[in-house]
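Notes follow once the structure below has been shown.
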Amino acid sequence: MLRTKEKYHEDLFAMRSNIYIGGECVGRDDPRLRPGINVLDVTFDLAQDPEWKGVATAISPVTGKEINRWAHLPQNPHDLITKQKLIRLGARRVGGCIQRCMGHDAINALAICTREMDDANGTDYHRRFLDYLTMYHDKDLDGCCAQTDSKGDRMKRPSEQEDPDAYLHVVEERDDGIVVSGFKMSITQAAYADEIIALPTRAMMESDRDYAVAFAIPGDAEGLSLITRPVWLRGNDKKDAPPFCKYGVSDCIVYFDKVFVPKARVFMCGEWQFGRRLAMLFADSHRHSYSGCKPAVSDILCGTASLAAEANNVARASHIKEKLSEFAGAAELAFAAGVAAAVYGEKTASGVFFPNAIYANVGRRLTGELIYHEYNILTEIAGGIAVTMPFDEDFEKGDHAAAMQRFIVRNPGLSSEESLKIWQLVENIGVSSMAAWYKIAGVHGGGSPIMETIALNIGYDFKDKKQLARYLAGIDNELDDAAMRKMEPKLGGMDS
């Protein structure tokens with residue numbers, strides 16, 4: 001069943017109130033959460049739109065029925081590229097983060113790792129997970145991933161922490177399930193997700209066994225509290241507010257206080273040897289998702305900078321054109337890295353087709369390093385008006401409204417109304433609370449930059465490059481091109 005956004009609202013607003021904003025417990029119908037809910041509405045609308053069938057939807061390999069692509073397990077390179085396209089499509093419509101990729105990347109990581117744990121240990125996690133996923137597909141649920149632990153003292157391992165809740169951990173194992181406690185932080189869209197999928201955040205040692213845990217629970221489970229920080233834009237409550245002002249985001253500290261998880265929903269419990277594997281599967285899948293959303297952010301920044309150049313009447317200047325070309329380089333190189341990650345991906349034992357980790361990480365690294373530079377380009381083209389412009393009301397009423405209408409026009413080819421809307425967009429894109437969110441998320445979303453370095457150092461063939469240099473230097477007489485022979489693209493399913 002493909003849910004409509006109306007059905008999503010009905011299910012969401014019927015959930016138990018366990019969201020806290022500013023110390024107050026609120027329901028999911030709190031207006032401060034609405035901008036984030038509006039983002040998810042777009043993902044449900046796209047799946048209902050006949051124009052985007054096959055992009056926003058897919059056929060479930062588990063049930064054989066049509067499902068939302070956000071719940072799909074990719075089966076080939078075409079699926080991965082289509083996911084990437086869907087993310088860019090949705091992110092362009094909402095002005096940035098589409099928020100659904102975390103749940104998608106979590107179920108893909110679990111599909112792969114549960115099979116690998118079963119093959120190694122004889123457990124039955126994969127069957128449990130597929131049973132869960134059947135329900136997830138049938139109900140067209142939205143899940144968010146809770147991976148990042150609060151971590152406490154960063155110099156200590158999970159089991160060494162003074163406060164054991166610094167990492168999510170098992171406090172009791174029972175025949176019918178487990179009881180867990182701990183903090184997860186910076187969890188996007190948890191406040192309006194149906195399900196919360198918890199995964200480990202790092203490699204474990206045997207002493208950390210209790211911290212090697214993965215499961216899924218409803219977002220309103222008993223003992224679960226969501227301490228929430230919503231982010232929205234000024235003016236989003238106006239009837240004539242532009243589309244961008246409809247959307248926002250909420251992030252949560254997810255506090256598990258002795259939460260019971262039924263056995264059927266437990267997908268890792270004590271398999272510390274697979275802690276890093278599961279964490280990296282999610283991270284690498286999520287970094288591939290960034291090859292869709294971060295190009296969309298570049299699209300948005302590029303378009304806004306272009307409008308600002310037009311409003312300042314400098315669009316024809318050669319240095320402006322040069323600066324705008326940098327957006328093109330950032331967006332399309334990142335997107336190309338995602339395509340390469342799909343083409344050079346691999347089929348896992350679970351049947352899930354997984355992106356190439358090297359290309360996924362270099363694409364993510366590129367966008368993370370460039371995000372502040374892209375904002376700097378916007379600032380250079382737009383000027384300081386983004387932080388000094390009077391309030392909207394000064395253009396609408398008062399003794400100086402008419403003067404302000406003249407003031408705002410720099411390009412005589414634009415009306416005062418058009419000029420004001422452009423500079424309001426520049427303000428929202430460049431210096432609002434949402435802008436600050438996108439800058440930080442651009443660097444840390446999907447893991448801190450050091451994790452990309454770790455992933456590249458693990459997976460990249462530096463030995464091959466050294467051997468190449470030895471050959472060119474004349475130290476070795478022959479060149480072993482084994483690395484080049486491995487670069488065989490996986491083209492299965494590309495004609496779908």
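Residues are referred to by chain and number: the chain letter is A, B, ... according to the order shown in the structure tokens, the number counts from 1 in that chain, and ligands are numbered separately from 1 in the order shown.
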
Quick one: pick out all strand (DSSP E or B) residues within region 193-293 of chain A from a backbone DSSP run and write them as a VMD selection string.
chain A and resid 195 to 198 213 to 218 224 to 231 249 to 262 266 to 269

Got time to write the residues from that selection, N, CA and C atoms, as a short mmCIF file (atom, residue, chain, number, x, y, z; two decimals), in the first residue's frame?
```
data_model
loop_
_atom_site.label_atom_id
_atom_site.label_comp_id
_atom_site.auth_asym_id
_atom_site.auth_seq_id
_atom_site.Cartn_x
_atom_site.Cartn_y
_atom_site.Cartn_z
N GLU A 195 8.85 4.98 12.68
CA GLU A 195 9.74 4.02 13.31
C GLU A 195 11.12 4.64 13.55
N ILE A 196 11.78 4.21 14.61
CA ILE A 196 13.17 4.58 14.87
C ILE A 196 14.01 3.32 14.80
N ILE A 197 14.99 3.35 13.91
CA ILE A 197 15.87 2.20 13.68
C ILE A 197 17.22 2.52 14.29
N ALA A 198 17.59 1.80 15.34
CA ALA A 198 18.82 2.07 16.08
C ALA A 198 19.94 1.18 15.58
N VAL A 213 24.26 -3.38 19.53
CA VAL A 213 22.83 -3.64 19.51
C VAL A 213 22.19 -2.87 18.35
N ALA A 214 21.24 -3.51 17.68
CA ALA A 214 20.47 -2.88 16.61
C ALA A 214 19.04 -3.39 16.67
N PHE A 215 18.10 -2.50 16.42
CA PHE A 215 16.68 -2.87 16.51
C PHE A 215 15.83 -1.77 15.89
N ALA A 216 14.52 -2.01 15.83
CA ALA A 216 13.56 -1.02 15.36
C ALA A 216 12.39 -0.98 16.33
N ILE A 217 11.95 0.23 16.66
CA ILE A 217 10.79 0.40 17.54
C ILE A 217 9.92 1.53 17.02
N PRO A 218 8.63 1.53 17.37
CA PRO A 218 7.79 2.68 17.01
C PRO A 218 8.31 3.96 17.66
N LEU A 224 10.53 5.87 25.69
CA LEU A 224 11.27 6.64 24.68
C LEU A 224 10.83 8.10 24.74
N SER A 225 11.80 9.00 24.82
CA SER A 225 11.52 10.44 24.82
C SER A 225 12.34 11.11 23.74
N LEU A 226 11.74 12.06 23.04
CA LEU A 226 12.38 12.77 21.94
C LEU A 226 12.51 14.24 22.31
N ILE A 227 13.70 14.63 22.75
CA ILE A 227 13.96 16.02 23.11
C ILE A 227 14.34 16.73 21.83
N THR A 228 13.46 17.63 21.37
CA THR A 228 13.44 18.06 19.97
C THR A 228 13.79 19.52 19.80
N ARG A 229 14.60 19.78 18.75
CA ARG A 229 14.91 21.15 18.35
C ARG A 229 14.40 21.36 16.92
N PRO A 230 13.27 22.05 16.76
CA PRO A 230 12.78 22.33 15.41
C PRO A 230 13.50 23.55 14.83
N VAL A 231 13.67 23.55 13.52
CA VAL A 231 14.24 24.69 12.82
C VAL A 231 13.28 25.07 11.70
N VAL A 249 13.06 21.48 9.49
CA VAL A 249 13.61 20.21 9.97
C VAL A 249 13.54 20.19 11.49
N SER A 250 13.51 19.02 12.05
CA SER A 250 13.62 18.86 13.50
C SER A 250 14.65 17.78 13.80
N ASP A 251 15.49 18.03 14.77
CA ASP A 251 16.47 17.04 15.23
C ASP A 251 16.20 16.72 16.69
N CYS A 252 16.53 15.50 17.07
CA CYS A 252 16.20 15.04 18.41
C CYS A 252 17.39 14.43 19.14
N ILE A 253 17.42 14.63 20.43
CA ILE A 253 18.12 13.70 21.32
C ILE A 253 17.10 12.61 21.63
N VAL A 254 17.42 11.40 21.26
CA VAL A 254 16.51 10.28 21.51
C VAL A 254 16.97 9.59 22.79
N TYR A 255 16.15 9.69 23.81
CA TYR A 255 16.50 9.15 25.14
C TYR A 255 15.75 7.85 25.36
N PHE A 256 16.50 6.76 25.40
CA PHE A 256 15.95 5.44 25.70
C PHE A 256 16.10 5.19 27.20
N ASP A 257 15.00 5.15 27.91
CA ASP A 257 15.02 4.94 29.36
C ASP A 257 14.36 3.61 29.68
N LYS A 258 15.20 2.55 29.64
CA LYS A 258 14.70 1.20 29.87
C LYS A 258 13.55 0.85 28.92
N VAL A 259 13.83 0.97 27.66
CA VAL A 259 12.84 0.70 26.60
C VAL A 259 12.88 -0.79 26.26
N PHE A 260 11.72 -1.42 26.26
CA PHE A 260 11.62 -2.83 25.90
C PHE A 260 11.50 -2.96 24.38
N VAL A 261 12.31 -3.85 23.81
CA VAL A 261 12.28 -4.12 22.37
C VAL A 261 11.92 -5.60 22.18
N PRO A 262 10.78 -5.91 21.56
CA PRO A 262 10.41 -7.31 21.34
C PRO A 262 11.47 -8.04 20.52
N VAL A 266 14.63 -7.23 17.18
CA VAL A 266 16.05 -7.14 17.55
C VAL A 266 16.87 -7.76 16.42
N PHE A 267 17.82 -6.98 15.87
CA PHE A 267 18.60 -7.43 14.72
C PHE A 267 20.09 -7.54 15.00
N MET A 268 20.51 -7.21 16.19
CA MET A 268 21.88 -7.44 16.67
C MET A 268 21.83 -7.35 18.18
N CYS A 269 22.46 -8.30 18.84
CA CYS A 269 22.50 -8.25 20.31
C CYS A 269 23.76 -8.96 20.79
#
```

Identify, on the basis of only C-alpha atoms, every residue whose closest approach to Leu141 (chain A) does not exceed 12 Å; exclude the query and any residue fewer than 2 positions from it along the same chain; express the result as a tab-separated table (two decimals) with C-alpha atoms, in the first residue's frame.
```
chain	number	residue	atom	x	y	z
A	1	MET	CA	0.00	0.00	0.00
A	2	LEU	CA	1.27	3.46	-0.91
A	3	ARG	CA	0.17	5.84	1.82
A	4	THR	CA	-1.11	9.30	1.03
A	5	LYS	CA	0.18	12.19	3.07
A	7	LYS	CA	-3.02	8.85	5.88
A	8	TYR	CA	0.51	9.59	7.11
A	9	HIS	CA	-0.86	12.55	9.11
A	11	ASP	CA	-1.22	7.78	11.74
A	12	LEU	CA	1.30	10.33	12.97
A	40	LEU	CA	7.86	14.23	4.30
A	43	THR	CA	7.93	12.19	-0.44
A	44	PHE	CA	4.43	10.74	-0.20
A	67	ILE	CA	6.35	0.39	-2.59
A	68	ASN	CA	7.79	3.81	-1.92
A	69	ARG	CA	11.41	3.82	-3.09
A	70	TRP	CA	12.46	5.08	0.32
A	71	ALA	CA	11.68	1.58	1.62
A	72	HIS	CA	13.35	-0.29	-1.25
A	100	ARG	CA	13.95	10.12	4.23
A	103	GLY	CA	15.71	5.22	7.08
A	104	HIS	CA	16.49	3.92	3.60
A	107	ILE	CA	17.31	-0.86	6.25
A	132	TYR	CA	9.89	-6.76	9.90
A	133	LEU	CA	10.54	-5.33	6.44
A	134	THR	CA	7.43	-7.06	5.07
A	135	MET	CA	5.37	-5.17	7.63
A	136	TYR	CA	7.34	-1.97	6.87
A	137	HIS	CA	6.53	-2.32	3.16
A	138	ASP	CA	2.89	-3.29	3.64
A	139	LYS	CA	2.23	-0.24	5.84
A	143	GLY	CA	11.78	5.17	9.48
A	144	CYS	CA	14.60	7.34	10.74
A	192	TYR	CA	7.65	12.73	12.86
A	193	ALA	CA	8.84	9.26	11.89
A	194	ASP	CA	6.74	6.12	12.31
A	195	GLU	CA	9.74	4.02	13.31
A	196	ILE	CA	13.17	4.58	14.87
A	197	ILE	CA	15.87	2.20	13.68
A	216	ALA	CA	13.56	-1.02	15.36
A	217	ILE	CA	10.79	0.40	17.54
A	218	PRO	CA	7.79	2.68	17.01
A	219	GLY	CA	8.59	6.34	17.52
```

So, counting only C-alpha atoms, which residue among A:Ile21, A:Glu66, A:Trp272, A:Arg92 is closest to Val42 (chain A)?
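Distance minimum relative to Val42 (chain A) lands on A:Arg92.
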
Which one of A:Tyr247, A:Phe183, A:Gly223, A:Gln161 sits closest to Ile37 (chain A) if you count only C-alpha atoms?
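Selected residue with least distance to Ile37 (chain A): A:Tyr247.
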
Write out as a Markdown table the residues of region 437-456 of chain A that have any atom within 9 Å of an atom of region 372-391 of chain A, one row each with the nearest atom pair and its distance in Å to one decimal, counting only C-alpha atoms, sorted by chain and then rising number.
```
| residue | atom | partner | partner_atom | distance |
| --- | --- | --- | --- | --- |
| A:Lys439 | CA | A:Tyr372 | CA | 6.6 |
| A:Gly442 | CA | A:Tyr372 | CA | 8.4 |
| A:Val443 | CA | A:Tyr372 | CA | 8.8 |
```

Export of the given selection (C-alpha atoms) as a compact mmCIF listing (two decimals), in the first residue's frame:
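Saved file out-v1.txt follows:
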```txt
# COMPACT_ATOMS: atom_id res chain seq x y z
CA LYS A 439 26.25 24.50 6.80
CA GLY A 442 27.07 19.83 5.06
CA VAL A 443 30.17 19.05 7.08
```

Enumerate as a CSV table (one decimal) with C-alpha atoms, in the first residue's frame all residues of region 135-384 of chain A assigned to alpha helix (DSSP H) by DSSP on the backbone, naming them with the chain letters and numbers the document uses.
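Here's the written file result.csv:
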```csv
chain,number,residue,atom,x,y,z
A,135,MET,CA,5.4,-5.2,7.6
A,136,TYR,CA,7.3,-2.0,6.9
A,137,HIS,CA,6.5,-2.3,3.2
A,138,ASP,CA,2.9,-3.3,3.6
A,275,GLY,CA,29.8,-3.3,15.2
A,276,ARG,CA,32.1,-1.6,12.8
A,277,ARG,CA,30.7,-3.5,9.8
A,278,LEU,CA,27.1,-2.4,10.5
A,279,ALA,CA,28.1,1.2,11.3
A,280,MET,CA,30.1,1.5,8.1
A,281,LEU,CA,27.4,-0.1,6.0
A,282,PHE,CA,25.0,2.6,7.1
A,283,ALA,CA,27.6,5.4,6.7
A,284,ASP,CA,28.7,4.4,3.2
A,285,SER,CA,25.1,4.0,2.0
A,286,HIS,CA,24.3,7.4,3.5
A,287,ARG,CA,27.3,9.0,1.9
A,288,HIS,CA,26.0,7.7,-1.4
A,289,SER,CA,22.7,9.3,-0.6
A,290,TYR,CA,24.6,12.6,-0.2
A,291,SER,CA,25.5,12.4,-3.9
A,292,GLY,CA,21.8,13.2,-4.5
A,293,CYS,CA,21.0,15.7,-1.8
A,294,LYS,CA,24.3,17.8,-1.8
A,295,PRO,CA,24.1,18.4,-5.6
A,296,ALA,CA,20.5,19.7,-4.9
A,297,VAL,CA,21.9,22.1,-2.3
A,298,SER,CA,24.4,23.3,-4.8
A,299,ASP,CA,21.6,23.7,-7.3
A,300,ILE,CA,19.7,25.9,-4.8
A,301,LEU,CA,22.8,28.0,-3.8
A,302,CYS,CA,23.6,28.4,-7.5
A,303,GLY,CA,20.1,29.5,-8.4
A,304,THR,CA,20.0,31.9,-5.4
A,305,ALA,CA,23.4,33.4,-6.3
A,306,SER,CA,22.2,33.8,-9.9
A,307,LEU,CA,19.1,35.7,-8.8
A,308,ALA,CA,21.2,37.9,-6.5
A,309,ALA,CA,23.5,38.7,-9.4
A,310,GLU,CA,20.5,39.7,-11.4
A,311,ALA,CA,19.0,41.8,-8.6
A,318,SER,CA,32.8,37.8,-16.2
A,319,HIS,CA,33.9,37.2,-12.6
A,320,ILE,CA,30.3,36.5,-11.6
A,321,LYS,CA,30.0,33.8,-14.4
A,322,GLU,CA,33.3,32.3,-13.2
A,323,LYS,CA,32.0,32.1,-9.6
A,324,LEU,CA,28.7,30.5,-10.7
A,325,SER,CA,30.6,27.8,-12.7
A,326,GLU,CA,32.1,26.6,-9.3
A,327,PHE,CA,28.6,25.5,-8.3
A,328,ALA,CA,28.4,23.5,-11.5
A,329,GLY,CA,31.6,21.8,-10.7
A,330,ALA,CA,30.6,20.9,-7.1
A,331,ALA,CA,27.1,19.7,-8.0
A,332,GLU,CA,28.0,17.5,-11.0
A,333,LEU,CA,31.2,16.1,-9.7
A,334,ALA,CA,29.4,14.9,-6.5
A,335,PHE,CA,26.5,13.5,-8.6
A,336,ALA,CA,29.0,11.8,-10.9
A,337,ALA,CA,30.7,10.2,-7.9
A,338,GLY,CA,27.4,8.8,-6.9
A,339,VAL,CA,26.8,7.4,-10.4
A,340,ALA,CA,30.3,5.8,-10.3
A,341,ALA,CA,29.5,4.4,-6.8
A,342,ALA,CA,26.5,2.7,-8.3
A,343,VAL,CA,28.2,1.4,-11.4
A,357,ALA,CA,32.6,2.8,-0.8
A,358,ILE,CA,35.5,4.7,-2.4
A,359,TYR,CA,33.3,6.7,-4.8
A,360,ALA,CA,30.6,7.2,-2.2
A,361,ASN,CA,33.1,8.7,0.3
A,362,VAL,CA,35.0,10.9,-2.2
A,363,GLY,CA,31.8,12.4,-3.4
A,364,ARG,CA,30.7,13.1,0.2
A,365,ARG,CA,34.1,14.5,1.1
A,366,LEU,CA,34.0,16.9,-1.9
A,367,THR,CA,30.7,18.3,-0.9
A,368,GLY,CA,31.6,18.6,2.7
A,369,GLU,CA,34.8,20.5,2.0
A,370,LEU,CA,33.1,22.9,-0.4
A,371,ILE,CA,29.9,23.8,1.5
A,372,TYR,CA,31.3,26.9,3.2
A,373,HIS,CA,33.0,27.9,0.0
A,374,GLU,CA,29.7,27.8,-1.8
A,375,TYR,CA,28.0,29.9,0.9
A,376,ASN,CA,30.9,32.3,0.5
A,377,ILE,CA,30.3,32.7,-3.2
A,378,LEU,CA,26.6,33.5,-2.4
A,379,THR,CA,27.8,36.1,0.1
A,380,GLU,CA,30.3,37.7,-2.3
A,381,ILE,CA,27.7,38.0,-5.0
A,382,ALA,CA,24.8,39.1,-2.8
```

Report, in Å to a single decimal, how far apart CA of Glu346 (chain A) and CA of Tyr125 (chain A) are.
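The value is 21.9 Å.
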
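Of the listed residues (A:Thr201, A:Thr348, A:Ser150, A:Asn18), A:Thr348 comes nearest to Leu73 (chain A); the distances count only C-alpha atoms.
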
At a cut-off of 6 Å, using only C-alpha atoms, what residues contact Gly182 (chain A)? Leave out same-chain residues fewer than 5 positions from it and give the result as a PyMOL selection string.
chain A and resi 165+167-168+256

Expected file contents, prior selection, N, CA and C atoms, as a PDB file, in the first residue's frame:
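Now in selection_4.pdb:
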```pdb
ATOM      1  N   ASP A 165      25.026   5.407  29.806  1.00  0.00           N
ATOM      2  CA  ASP A 165      24.047   5.862  28.823  1.00  0.00           C
ATOM      3  C   ASP A 165      24.657   6.736  27.738  1.00  0.00           C
ATOM      4  N   TYR A 167      26.409   5.717  25.512  1.00  0.00           N
ATOM      5  CA  TYR A 167      26.166   4.887  24.337  1.00  0.00           C
ATOM      6  C   TYR A 167      24.932   4.033  24.615  1.00  0.00           C
ATOM      7  N   LEU A 168      24.102   3.858  23.606  1.00  0.00           N
ATOM      8  CA  LEU A 168      22.944   2.976  23.739  1.00  0.00           C
ATOM      9  C   LEU A 168      23.410   1.551  24.028  1.00  0.00           C
ATOM     10  N   PHE A 256      16.505   6.763  25.403  1.00  0.00           N
ATOM     11  CA  PHE A 256      15.952   5.440  25.698  1.00  0.00           C
ATOM     12  C   PHE A 256      16.104   5.192  27.197  1.00  0.00           C
TER      13      PHE A 256
END
```

re CA of Trp52 (chain A) and CA of Arg88 (chain A): distance 13.1 Å

Mind giving me the straight-line distance from CA of Ile454 (chain A) to CA of Gln99 (chain A) in Å, one decimal?
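So the answer is 25.1 Å.
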
Measuring atom to atom with only C-alpha atoms, identify which of A:Arg115, A:Val426, A:Val179, A:Ser207 is nearest to Ser159 (chain A).
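With only C-alpha atoms as the atom set, the closest residue is A:Ser207.
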
Can you list, as an NGL selection string, every protein, DNA or RNA residue that comes within 6 Å of region 408-425 of chain A when you count only C-alpha atoms, leaving out same-chain residues fewer than 3 positions away?
:A and (311-313 or 405 or 428-429)
